[in-house]
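J.: Sharing run.pdb below, PDB, C-alpha atoms:
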ATOM      1  CA  MET A  20      65.778  92.072 273.439
ATOM      2  CA  LYS A  21      66.621  95.435 271.877
ATOM      3  CA  ILE A  22      69.446  97.297 273.589
ATOM      4  CA  LEU A  23      70.696 100.819 272.959
ATOM      5  CA  LEU A  24      74.350 101.071 273.950
ATOM      6  CA  ALA A  25      75.596 104.650 274.201
ATOM      7  CA  VAL A  26      79.192 104.852 272.943
ATOM      8  CA  ASP A  27      81.573 107.759 273.583
ATOM      9  CA  GLY A  28      84.930 106.017 273.815
ATOM     10  CA  SER A  29      85.233 106.505 277.588
ATOM     11  CA  GLU A  30      86.338 103.771 279.971
ATOM     12  CA  HIS A  31      82.789 103.613 281.333
ATOM     13  CA  SER A  32      81.406 103.078 277.828
ATOM     14  CA  GLN A  33      83.942 100.314 277.256
ATOM     15  CA  ALA A  34      82.898  98.715 280.557
ATOM     16  CA  ALA A  35      79.290  98.727 279.346
ATOM     17  CA  THR A  36      80.354  96.989 276.130
ATOM     18  CA  SER A  37      82.262  94.338 278.078
ATOM     19  CA  LEU A  38      79.223  93.630 280.252
ATOM     20  CA  LEU A  39      77.000  93.093 277.208
ATOM     21  CA  CYS A  40      79.590  90.723 275.773
ATOM     22  CA  ASP A  41      79.411  88.648 278.969
ATOM     23  CA  TYR A  42      75.675  88.775 279.718
ATOM     24  CA  PRO A  43      73.554  85.800 278.519
ATOM     25  CA  LEU A  44      71.168  87.802 276.344
ATOM     26  CA  PRO A  45      68.249  86.106 274.529
ATOM     27  CA  SER A  46      69.296  84.654 271.168
ATOM     28  CA  ASP A  47      67.207  87.145 269.202
ATOM     29  CA  SER A  48      68.754  90.181 270.908
ATOM     30  CA  LEU A  49      69.981  93.155 268.905
ATOM     31  CA  ILE A  50      72.474  95.673 270.295
ATOM     32  CA  THR A  51      72.547  99.126 268.712
ATOM     33  CA  PRO A  52      75.712 101.050 269.621
ATOM     34  CA  VAL A  53      74.861 104.750 269.345
ATOM     35  CA  SER A  54      77.189 107.743 269.286
ATOM     36  CA  VAL A  55      75.889 111.306 269.151
ATOM     37  CA  LEU A  56      77.895 114.057 267.491
ATOM     38  CA  SER A  57      77.197 117.473 268.972
ATOM     39  CA  PRO A  58      76.865 120.164 266.252
ATOM     40  CA  ASN A  59      79.553 122.296 267.903
ATOM     41  CA  ARG A  60      81.988 119.365 268.082
ATOM     42  CA  ALA A  61      82.263 118.243 264.484
ATOM     43  CA  TYR A  62      85.964 117.578 265.064
ATOM     44  CA  GLN A  63      84.985 114.534 267.163
ATOM     45  CA  LYS A  64      83.345 112.691 264.274
ATOM     46  CA  THR A  65      86.388 110.575 263.450
ATOM     47  CA  GLU A  66      86.897 109.730 267.105
ATOM     48  CA  LEU A  67      83.271 108.657 267.556
ATOM     49  CA  GLU A  68      83.293 106.615 264.334
ATOM     50  CA  PHE A  69      86.398 104.808 265.582
ATOM     51  CA  ALA A  70      84.758 104.116 268.969
ATOM     52  CA  LEU A  71      81.644 102.786 267.225
ATOM     53  CA  GLU A  72      83.707 100.473 265.014
ATOM     54  CA  GLN A  73      85.719  99.144 267.949
ATOM     55  CA  THR A  74      82.480  98.514 269.850
ATOM     56  CA  ARG A  75      80.932  96.757 266.848
ATOM     57  CA  LEU A  76      83.905  94.432 266.457
ATOM     58  CA  LYS A  77      84.008  93.597 270.155
ATOM     59  CA  LEU A  78      80.295  92.737 270.236
ATOM     60  CA  LEU A  79      80.577  90.664 267.055
ATOM     61  CA  SER A  80      83.433  88.704 268.612
ATOM     62  CA  ALA A  81      81.007  87.818 271.424
ATOM     63  CA  ASN A  82      78.476  86.595 268.823
ATOM     64  CA  GLN A  83      76.097  89.492 269.390
ATOM     65  CA  LYS A  84      73.948  90.999 266.639
ATOM     66  CA  VAL A  85      74.991  94.602 266.121
ATOM     67  CA  MET A  86      73.657  97.619 264.188
ATOM     68  CA  PRO A  87      75.625 100.844 264.935
ATOM     69  CA  GLU A  88      74.142 104.333 264.566
ATOM     70  CA  LEU A  89      75.796 107.773 264.467
ATOM     71  CA  LEU A  90      73.344 110.531 265.364
ATOM     72  CA  SER A  91      73.713 114.300 265.502
ATOM     73  CA  GLY A  92      72.378 116.738 268.089
ATOM     74  CA  ASN A  93      72.208 117.029 271.841
ATOM     75  CA  PRO A  94      73.514 113.670 273.159
ATOM     76  CA  ALA A  95      70.985 113.153 275.978
ATOM     77  CA  SER A  96      67.985 114.307 273.929
ATOM     78  CA  GLU A  97      68.953 112.204 270.912
ATOM     79  CA  ILE A  98      69.471 109.073 272.993
ATOM     80  CA  VAL A  99      66.137 109.458 274.802
ATOM     81  CA  GLU A 100      64.206 110.249 271.612
ATOM     82  CA  PHE A 101      65.861 107.501 269.552
ATOM     83  CA  ALA A 102      65.237 104.933 272.288
ATOM     84  CA  GLU A 103      61.559 105.846 272.433
ATOM     85  CA  GLN A 104      61.105 105.846 268.649
ATOM     86  CA  GLN A 105      62.790 102.460 268.208
ATOM     87  CA  ARG A 106      61.145 100.941 271.287
ATOM     88  CA  PHE A 107      64.293  99.655 272.941
ATOM     89  CA  ASP A 108      63.984  97.380 275.976
ATOM     90  CA  LEU A 109      67.088  98.752 277.694
ATOM     91  CA  ILE A 110      69.487 101.689 277.511
ATOM     92  CA  VAL A 111      73.068 101.056 278.616
ATOM     93  CA  LEU A 112      75.498 103.937 279.049
ATOM     94  CA  GLY A 113      78.596 104.848 280.968
ATOM     95  CA  ALA A 114      78.652 107.165 283.976
ATOM     96  CA  LYS A 115      81.104 109.580 282.435
ATOM     97  CA  GLY A 116      82.082 112.491 284.636
ATOM     98  CA  LEU A 117      82.722 113.273 288.282
ATOM     99  CA  ARG A 118      81.358 116.318 290.067
ATOM    100  CA  ALA A 119      83.665 115.879 293.028
ATOM    101  CA  THR A 120      82.544 119.033 294.835
ATOM    102  CA  LEU A 121      79.070 117.568 295.209
ATOM    103  CA  GLY A 122      80.132 113.962 295.525
ATOM    104  CA  ILE A 123      78.021 113.157 292.466
ATOM    105  CA  LEU A 124      79.543 110.311 290.459
ATOM    106  CA  LEU A 125      77.625 110.967 287.251
ATOM    107  CA  GLY A 126      78.055 112.867 284.008
ATOM    108  CA  GLY A 127      75.502 115.316 282.605
ATOM    109  CA  VAL A 128      74.369 113.099 279.708
ATOM    110  CA  ALA A 129      73.908 110.041 281.907
ATOM    111  CA  GLN A 130      71.970 112.055 284.459
ATOM    112  CA  GLN A 131      69.546 113.409 281.855
ATOM    113  CA  VAL A 132      69.003 110.020 280.228
ATOM    114  CA  VAL A 133      68.276 108.358 283.577
ATOM    115  CA  GLU A 134      65.800 111.096 284.479
ATOM    116  CA  HIS A 135      63.904 111.277 281.183
ATOM    117  CA  ALA A 136      64.102 107.909 279.377
ATOM    118  CA  ILE A 137      61.035 105.691 279.589
ATOM    119  CA  GLN A 138      63.104 102.503 279.294
ATOM    120  CA  PRO A 139      65.147 100.822 282.009
ATOM    121  CA  VAL A 140      68.574 102.475 282.125
ATOM    122  CA  LEU A 141      71.787 100.768 283.186
ATOM    123  CA  VAL A 142      74.494 103.222 284.229
ATOM    124  CA  MET A 143      77.838 101.410 284.030
ATOM    125  CA  ARG A 144      80.913 102.399 285.992
ATOM    126  CA  ALA A 145      84.471 101.339 285.290
ATOM    127  CA  PRO A 146      86.432  99.338 286.064
ATOM    128  CA  TYR A 147      84.626  96.185 284.985
ATOM    129  CA  ALA A 148      86.230  92.763 285.216
ATOM    130  CA  LYS A 149      83.376  90.275 285.396
ATOM    131  CA  LEU A 150      79.802  90.280 286.642
ATOM    132  CA  LYS A 151      79.712  88.333 289.908
ATOM    133  CA  ARG A 152      77.235  89.952 292.302
ATOM    134  CA  MET A 153      73.924  91.755 291.830
ATOM    135  CA  LEU A 154      71.714  93.454 294.405
ATOM    136  CA  LEU A 155      67.981  93.902 293.778
ATOM    137  CA  VAL A 156      66.451  96.425 296.186
ATOM    138  CA  ILE A 157      62.692  96.406 296.756
ATOM    139  CA  ASP A 158      60.223  98.427 298.802
ATOM    140  CA  GLY A 159      56.908  96.765 297.979
ATOM    141  CA  SER A 160      55.853  99.420 295.446
ATOM    142  CA  ILE A 161      54.711  98.779 291.871
ATOM    143  CA  HIS A 162      58.006 100.324 290.800
ATOM    144  CA  SER A 163      60.112  97.702 292.561
ATOM    145  CA  GLN A 164      57.757  95.051 291.172
ATOM    146  CA  GLY A 165      58.800  96.246 287.727
ATOM    147  CA  ALA A 166      62.432  95.678 288.676
ATOM    148  CA  ILE A 167      61.614  92.136 289.805
ATOM    149  CA  GLU A 168      59.834  91.405 286.534
ATOM    150  CA  PHE A 169      62.691  92.836 284.453
ATOM    151  CA  LEU A 170      65.261  90.633 286.201
ATOM    152  CA  ALA A 171      62.991  87.615 285.762
ATOM    153  CA  ARG A 172      62.681  88.303 282.020
ATOM    154  CA  PHE A 173      66.404  88.781 281.475
ATOM    155  CA  PRO A 174      68.191  86.732 284.155
ATOM    156  CA  PRO A 175      72.003  86.564 284.399
ATOM    157  CA  SER A 176      73.946  83.318 284.237
ATOM    158  CA  PRO A 177      73.318  80.838 287.103
ATOM    159  CA  ASP A 178      76.731  81.446 288.679
ATOM    160  CA  ILE A 179      75.904  85.081 289.505
ATOM    161  CA  ARG A 180      75.175  85.712 293.191
ATOM    162  CA  ILE A 181      71.976  87.749 293.570
ATOM    163  CA  LYS A 182      70.635  89.299 296.759
ATOM    164  CA  VAL A 183      67.150  90.735 297.259
ATOM    165  CA  MET A 184      67.305  93.560 299.782
ATOM    166  CA  HIS A 185      64.683  95.487 301.740
ATOM    167  CA  VAL A 186      65.516  98.275 304.165
ATOM    168  CA  LEU A 187      63.271  98.829 307.162
ATOM    169  CA  PRO A 188      62.783 102.377 308.426
ATOM    170  CA  PRO A 189      64.403 103.117 311.786
ATOM    171  CA  PRO A 190      62.168 102.750 314.877
ATOM    172  CA  ALA A 191      59.789 105.579 315.749
ATOM    173  CA  LYS A 192      60.815 108.324 318.155
ATOM    174  CA  ALA A 193      60.961 107.284 321.778
ATOM    175  CA  GLU A 194      57.617 108.700 322.773
ATOM    176  CA  ILE A 195      54.276 107.228 323.864
ATOM    177  CA  LEU A 196      50.729 108.538 323.909
ATOM    178  CA  ALA A 197      49.162 108.040 327.340
ATOM    179  CA  LYS A 198      45.405 108.337 327.893
ATOM    180  CA  PHE A 199      44.089 110.047 330.986
ATOM    181  CA  ASP A 200      40.536 110.120 332.401
ATOM    182  CA  GLY A 201      40.155 113.854 332.882
ATOM    183  CA  GLY A 202      41.136 117.050 331.094
ATOM    184  CA  ASN A 203      42.941 116.603 327.796
ATOM    185  CA  PRO A 204      42.434 112.879 327.061
ATOM    186  CA  TYR A 205      45.803 112.506 325.312
ATOM    187  CA  MET A 206      49.251 113.859 326.024
ATOM    188  CA  THR A 207      52.780 112.920 325.045
ATOM    189  CA  ILE A 208      55.165 111.855 327.784
ATOM    190  CA  PRO A 209      58.743 110.522 327.545
ATOM    191  CA  MET A 210      59.085 106.753 327.717
ATOM    192  CA  PRO A 211      61.462 105.196 330.273
ATOM    193  CA  VAL A 212      64.689 103.754 328.860
ATOM    194  CA  VAL A 213      63.628 100.137 329.443
ATOM    195  CA  GLU A 214      60.316 100.774 327.712
ATOM    196  CA  ILE A 215      62.107 102.476 324.810
ATOM    197  CA  GLU A 216      64.219  99.356 324.235
ATOM    198  CA  LYS A 217      61.143  97.128 324.419
ATOM    199  CA  ALA A 218      59.206  99.314 321.988
ATOM    200  CA  MET A 219      62.100  99.446 319.528
ATOM    201  CA  SER A 220      62.498  95.687 319.683
ATOM    202  CA  TYR A 221      58.774  95.170 319.149
ATOM    203  CA  GLU A 222      58.596  97.496 316.180
ATOM    204  CA  ILE A 223      61.606  95.966 314.470
ATOM    205  CA  ASN A 224      60.318  92.447 315.008
ATOM    206  CA  LYS A 225      56.843  93.403 313.785
ATOM    207  CA  ASN A 226      58.283  94.950 310.632
ATOM    208  CA  ASP A 227      60.694  92.077 310.177
ATOM    209  CA  PHE A 228      57.746  89.784 309.486
ATOM    210  CA  LYS A 229      56.457  92.153 306.827
ATOM    211  CA  ALA A 230      59.925  92.619 305.366
ATOM    212  CA  ASN A 231      60.595  88.894 305.198
ATOM    213  CA  THR A 232      57.213  88.342 303.572
ATOM    214  CA  LEU A 233      57.958  91.058 301.017
ATOM    215  CA  VAL A 234      61.409  89.722 300.234
ATOM    216  CA  GLY A 235      60.118  86.148 300.265
ATOM    217  CA  ASN A 236      57.489  86.961 297.640
ATOM    218  CA  ALA A 237      60.154  88.517 295.414
ATOM    219  CA  ILE A 238      62.404  85.494 295.827
ATOM    220  CA  THR A 239      59.536  83.150 294.958
ATOM    221  CA  ALA A 240      58.764  85.135 291.799
ATOM    222  CA  LEU A 241      62.392  85.102 290.704
ATOM    223  CA  LYS A 242      62.933  81.429 291.491
ATOM    224  CA  SER A 243      59.894  80.538 289.396
ATOM    225  CA  ALA A 244      61.736  82.264 286.523
ATOM    226  CA  GLY A 245      64.869  80.214 287.219
ATOM    227  CA  VAL A 246      66.793  82.878 289.147
ATOM    228  CA  GLU A 247      68.517  81.785 292.365
ATOM    229  CA  VAL A 248      68.525  84.528 294.982
ATOM    230  CA  SER A 249      68.861  85.063 298.725
ATOM    231  CA  LYS A 250      67.608  87.773 301.079
ATOM    232  CA  VAL A 251      69.005  90.761 302.930
ATOM    233  CA  VAL A 252      67.026  92.863 305.431
ATOM    234  CA  GLU A 253      68.595  95.982 306.950
ATOM    235  CA  ILE A 254      67.338  98.826 309.138
ATOM    236  CA  GLY A 255      68.010 102.537 308.614
ATOM    237  CA  ASP A 256      68.019 105.110 305.844
ATOM    238  CA  ALA A 257      67.358 103.181 302.632
ATOM    239  CA  ALA A 258      69.924 104.750 300.308
ATOM    240  CA  THR A 259      72.613 104.826 302.988
ATOM    241  CA  GLU A 260      72.147 101.155 303.896
ATOM    242  CA  ILE A 261      72.016 100.041 300.259
ATOM    243  CA  ILE A 262      75.196 101.894 299.307
ATOM    244  CA  LYS A 263      76.957 100.643 302.434
ATOM    245  CA  TYR A 264      75.950  97.029 301.778
ATOM    246  CA  ALA A 265      76.935  97.280 298.102
ATOM    247  CA  ASP A 266      80.385  98.600 299.009
ATOM    248  CA  GLU A 267      81.027  96.067 301.766
ATOM    249  CA  ASN A 268      79.921  93.138 299.599
ATOM    250  CA  LYS A 269      81.497  94.311 296.329
ATOM    251  CA  ILE A 270      78.211  94.410 294.433
ATOM    252  CA  ASP A 271      78.686  94.882 290.684
ATOM    253  CA  ILE A 272      75.177  96.079 289.799
ATOM    254  CA  ILE A 273      72.421  97.515 291.980
ATOM    255  CA  ILE A 274      68.899  97.129 290.544
ATOM    256  CA  ALA A 275      66.092  99.389 291.710
ATOM    257  CA  GLY A 276      62.666 100.515 290.588
ATOM    258  CA  SER A 277      61.627 104.124 290.179
ATOM    259  CA  ARG A 278      58.515 106.158 289.531
ATOM    260  CA  GLY A 279      57.051 106.239 286.038
ATOM    261  CA  LEU A 280      56.158 108.926 283.531
ATOM    262  CA  SER A 281      54.066 111.839 284.737
ATOM    263  CA  GLN A 282      51.447 113.737 282.758
ATOM    264  CA  VAL A 283      53.990 116.442 281.962
ATOM    265  CA  LYS A 284      56.070 113.812 280.138
ATOM    266  CA  GLY A 285      59.015 113.992 282.464
ATOM    267  CA  PHE A 286      60.396 111.548 284.980
ATOM    268  CA  ILE A 287      61.111 112.531 288.518
ATOM    269  CA  LEU A 288      63.166 109.783 290.064
ATOM    270  CA  GLY A 289      62.353 108.713 293.566
ATOM    271  CA  SER A 290      64.760 109.987 296.193
ATOM    272  CA  VAL A 291      66.295 106.570 296.880
ATOM    273  CA  SER A 292      66.898 105.671 293.228
ATOM    274  CA  ARG A 293      68.351 109.131 292.559
ATOM    275  CA  LYS A 294      70.785 108.762 295.464
ATOM    276  CA  LEU A 295      71.855 105.318 294.241
ATOM    277  CA  VAL A 296      72.585 106.629 290.757
ATOM    278  CA  HIS A 297      74.333 109.792 291.915
ATOM    279  CA  TYR A 298      76.234 108.725 295.005
ATOM    280  CA  SER A 299      76.924 105.020 294.670
ATOM    281  CA  GLY A 300      80.219 104.069 293.126
ATOM    282  CA  ARG A 301      78.542 100.971 291.667
ATOM    283  CA  SER A 302      76.801 100.346 288.369
ATOM    284  CA  VAL A 303      73.060 100.923 288.772
ATOM    285  CA  LEU A 304      70.086  99.668 286.771
ATOM    286  CA  ILE A 305      66.955 101.789 287.165
ATOM    287  CA  VAL A 306      63.688 100.208 286.012
ATOM    288  CA  LYS A 307      60.906 102.722 285.531
ATOM    289  CA  GLY A 308      57.447 101.904 286.868
ATOM    290  CA  ALA A 309      54.058 102.271 285.255
ATOM    291  CA  GLU A 310      52.762 105.670 284.140
ATOM    292  CA  GLU A 311      51.428 107.685 287.036
ATOM    293  CA  GLU A 312      48.475 110.004 287.271
TER     294      GLU A 312
END
Have the structure of the file written as structure tokens, please.
T.:
Amino acid sequence: MKILLAVDGSEHSQAATSLLCDYPLPSDSLITPVSVLSPNRAYQKTELEFALEQTRLKLLSANQKVMPELLSGNPASEIVEFAEQQRFDLIVLGAKGLRATLGILLGGVAQQVVEHAIQPVLVMRAPYAKLKRMLLVIDGSIHSQGAIEFLARFPPSPDIRIKVMHVLPPPAKAEILAKFDGGNPYMTIPMPVVEIEKAMSYEINKNDFKANTLVGNAITALKSAGVEVSKVVEIGDAATEIIKYADENKIDIIIAGSRGLSQVKGFILGSVSRKLVHYSGRSVLIVKGAEEE
């Protein structure tokens, strides 16, 4: 496994390094710590070289293979381009920055890398103590299938608790189409309260079967790869329910799929994955799907 680890000396970058020291990577893995020196910030060269060296020593102490790189240019562009040229399997970087006025918990470099990189991107947030809980969110798309396959290829240690989560949409509006014999054959009329409750219950139960089948298939695929997981099914707005569950259950990393590369060579993250990256206070791994038409 080839991993690009973005290094800037921040606490989030250090958290990312600590995670890679703990994670049971394949024996042939190579971690490339990368720092990017902006042309207008030459004074930071010594600081970045020190951060790279500290990262190298920490990874070596965890018996990881390391090959540091110091690049020059626009940080986000250099990371994305270097990752594509060297065919990395994963980009790991810290979520440096806080745009409090918008509630966006993400720095500019991290945001650009997540949007434009073709590789899976793990955005790490400090503090990091130890990886204990992971949440894989799926929606049945080819993009979430990619997330399942990535986790199956690079599973965590057996003691990590992993949940597979699917969020059902809320029930339809409380209306019913009634057919009449004469005049306009269809019209919309309000449904009585008792009928509303029955309809909501029916819809949720009907979708529950589909949701459990979807989650069950994901669990089967992961268990065949040696990953032990359990299911979670919620109802409501997807991003809201995922973030709420992650906070209440102290999830360390949320894993989600997202749309792939478009013909204009630029990623447009799906709305749910974007919200998870921007508004969740948790570390988030985004796995990009196949190239789209």
J.: Ranking A:Gly165, A:Pro94, A:Gly255, A:Pro58 by minimum distance to Ala275 in chain A and counting all atoms listed in the file, which one comes first?
T.: A:Gly165
J.: Which polymer residues have any atom within 9 Å of an atom of Pro174 in chain A, counting only C-alpha atoms, with same-chain residues fewer than 3 positions away left out, as a list in words?
T.: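 Here the answer would be Tyr42, Pro43, Leu44, Phe169, Leu170, Ala171, Pro177, Leu241, Ala244, Gly245 and Val246 of chain A.
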J.: Those same residues, written as an mmCIF file, in the frame of the given file with C-alpha atoms?
T.:
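Now in result12.cif:
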data_model
loop_
_atom_site.group_PDB
_atom_site.id
_atom_site.type_symbol
_atom_site.label_atom_id
_atom_site.label_comp_id
_atom_site.auth_asym_id
_atom_site.auth_seq_id
_atom_site.Cartn_x
_atom_site.Cartn_y
_atom_site.Cartn_z
ATOM 1 C CA TYR A 42 75.675 88.775 279.718
ATOM 2 C CA PRO A 43 73.554 85.800 278.519
ATOM 3 C CA LEU A 44 71.168 87.802 276.344
ATOM 4 C CA PHE A 169 62.691 92.836 284.453
ATOM 5 C CA LEU A 170 65.261 90.633 286.201
ATOM 6 C CA ALA A 171 62.991 87.615 285.762
ATOM 7 C CA PRO A 177 73.318 80.838 287.103
ATOM 8 C CA LEU A 241 62.392 85.102 290.704
ATOM 9 C CA ALA A 244 61.736 82.264 286.523
ATOM 10 C CA GLY A 245 64.869 80.214 287.219
ATOM 11 C CA VAL A 246 66.793 82.878 289.147
#
J.: Once the PyMOL selection byres ((chain A and resi 68) around 12) is applied to the coordinates I shared, what remains selected? I want it as a ChimeraX atom specification.
T.: /A:26-28,52-56,61-67,69-75,87-90
J.: Which residue out of A:Gln131, A:Asn231, A:Leu49, A:Ser91 has the minimum interatomic distance to Phe107 in chain A when only C-alpha atoms are used?
T.: A:Leu49
J.: Applying 12 Å and all atoms listed in the file, which residues near Thr239 in chain A remain after dropping the ones on its own chain fewer than 4 positions away? List them as a count of residues only.
T.: 17
J.: Which residue out of A:Asn268, A:Gln33, A:Ser96, A:Asn82 has the minimum interatomic distance to Ala145 in chain A when only C-alpha atoms are used?
T.: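 Distance minimum relative to Ala145 in chain A lands on A:Gln33.
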J.: Provide the CA of Val186 in chain A to CA of Lys294 in chain A distance in Å, to one decimal place.
T.: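 So the answer is 14.6 Å.
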J.: Determine the residue set returned by the PyMOL selection byres ((chain A and resi 262) around 12) for the present structure, and present it as a ChimeraX atom specification.
T.: /A:154,156,184,186,253,255-261,263-274,291-292,294-303
J.: Applied to the shown file, which residues does the PyMOL selection byres ((chain A and resi 180) around 6) return, written as an MDAnalysis selection string?
T.: chainID A and resid 152 179 181
J.: Quote the spacing between CA of Ile22 in chain A and CA of Ile110 in chain A in Å to one decimal place.
T.: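 Between CA of Ile22 in chain A and CA of Ile110 in chain A the gap works out to 5.9 Å.
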J.: As JSON, numbers by chain, please: the residues near range 101-103 of chain A (cut-off 8 Å, all atoms listed in the file, same-chain neighbours under 5 positions excluded).
T.: {"A": [23, 110, 136, 137, 138]}
J.: Please indicate the distance in Å from CA of Thr51 in chain A to CA of Ala95 in chain A, rounded to one decimal place.
T.: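 These atoms are spaced 15.9 Å apart.
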J.: Could you list as an mmCIF file with C-alpha atoms, keeping the file's coordinate frame every residue that has an atom within 6 Å of (76.2, 102.7, 282.8), using the file's coordinates and counting only C-alpha atoms?
T.:
data_model
loop_
_atom_site.group_PDB
_atom_site.id
_atom_site.type_symbol
_atom_site.label_atom_id
_atom_site.label_comp_id
_atom_site.auth_asym_id
_atom_site.auth_seq_id
_atom_site.Cartn_x
_atom_site.Cartn_y
_atom_site.Cartn_z
ATOM 1 C CA VAL A 111 73.068 101.056 278.616
ATOM 2 C CA LEU A 112 75.498 103.937 279.049
ATOM 3 C CA GLY A 113 78.596 104.848 280.968
ATOM 4 C CA ALA A 114 78.652 107.165 283.976
ATOM 5 C CA LEU A 141 71.787 100.768 283.186
ATOM 6 C CA VAL A 142 74.494 103.222 284.229
ATOM 7 C CA MET A 143 77.838 101.410 284.030
ATOM 8 C CA ARG A 144 80.913 102.399 285.992
#
J.: Which residues come within 9 Å of Lys149 in chain A, counting all atoms listed in the file, excluding same-chain residues fewer than 3 positions away, as a compact mmCIF listing (two decimals) with C-alpha atoms, keeping the file's coordinate frame?
T.:
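What follows is the written file result18.txt:
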# COMPACT_ATOMS: atom_id res chain seq x y z
CA SER A 37 82.26 94.34 278.08
CA LEU A 38 79.22 93.63 280.25
CA ASP A 41 79.41 88.65 278.97
CA ASP A 271 78.69 94.88 290.68
J.: So which one's closest to Asp47 in chain A, A:Gln164, A:Gln83, A:Asn59, A:Ser32? Using only C-alpha atoms, please.
T.: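 Answer, going by the shortest atom-to-atom distance: A:Gln83.
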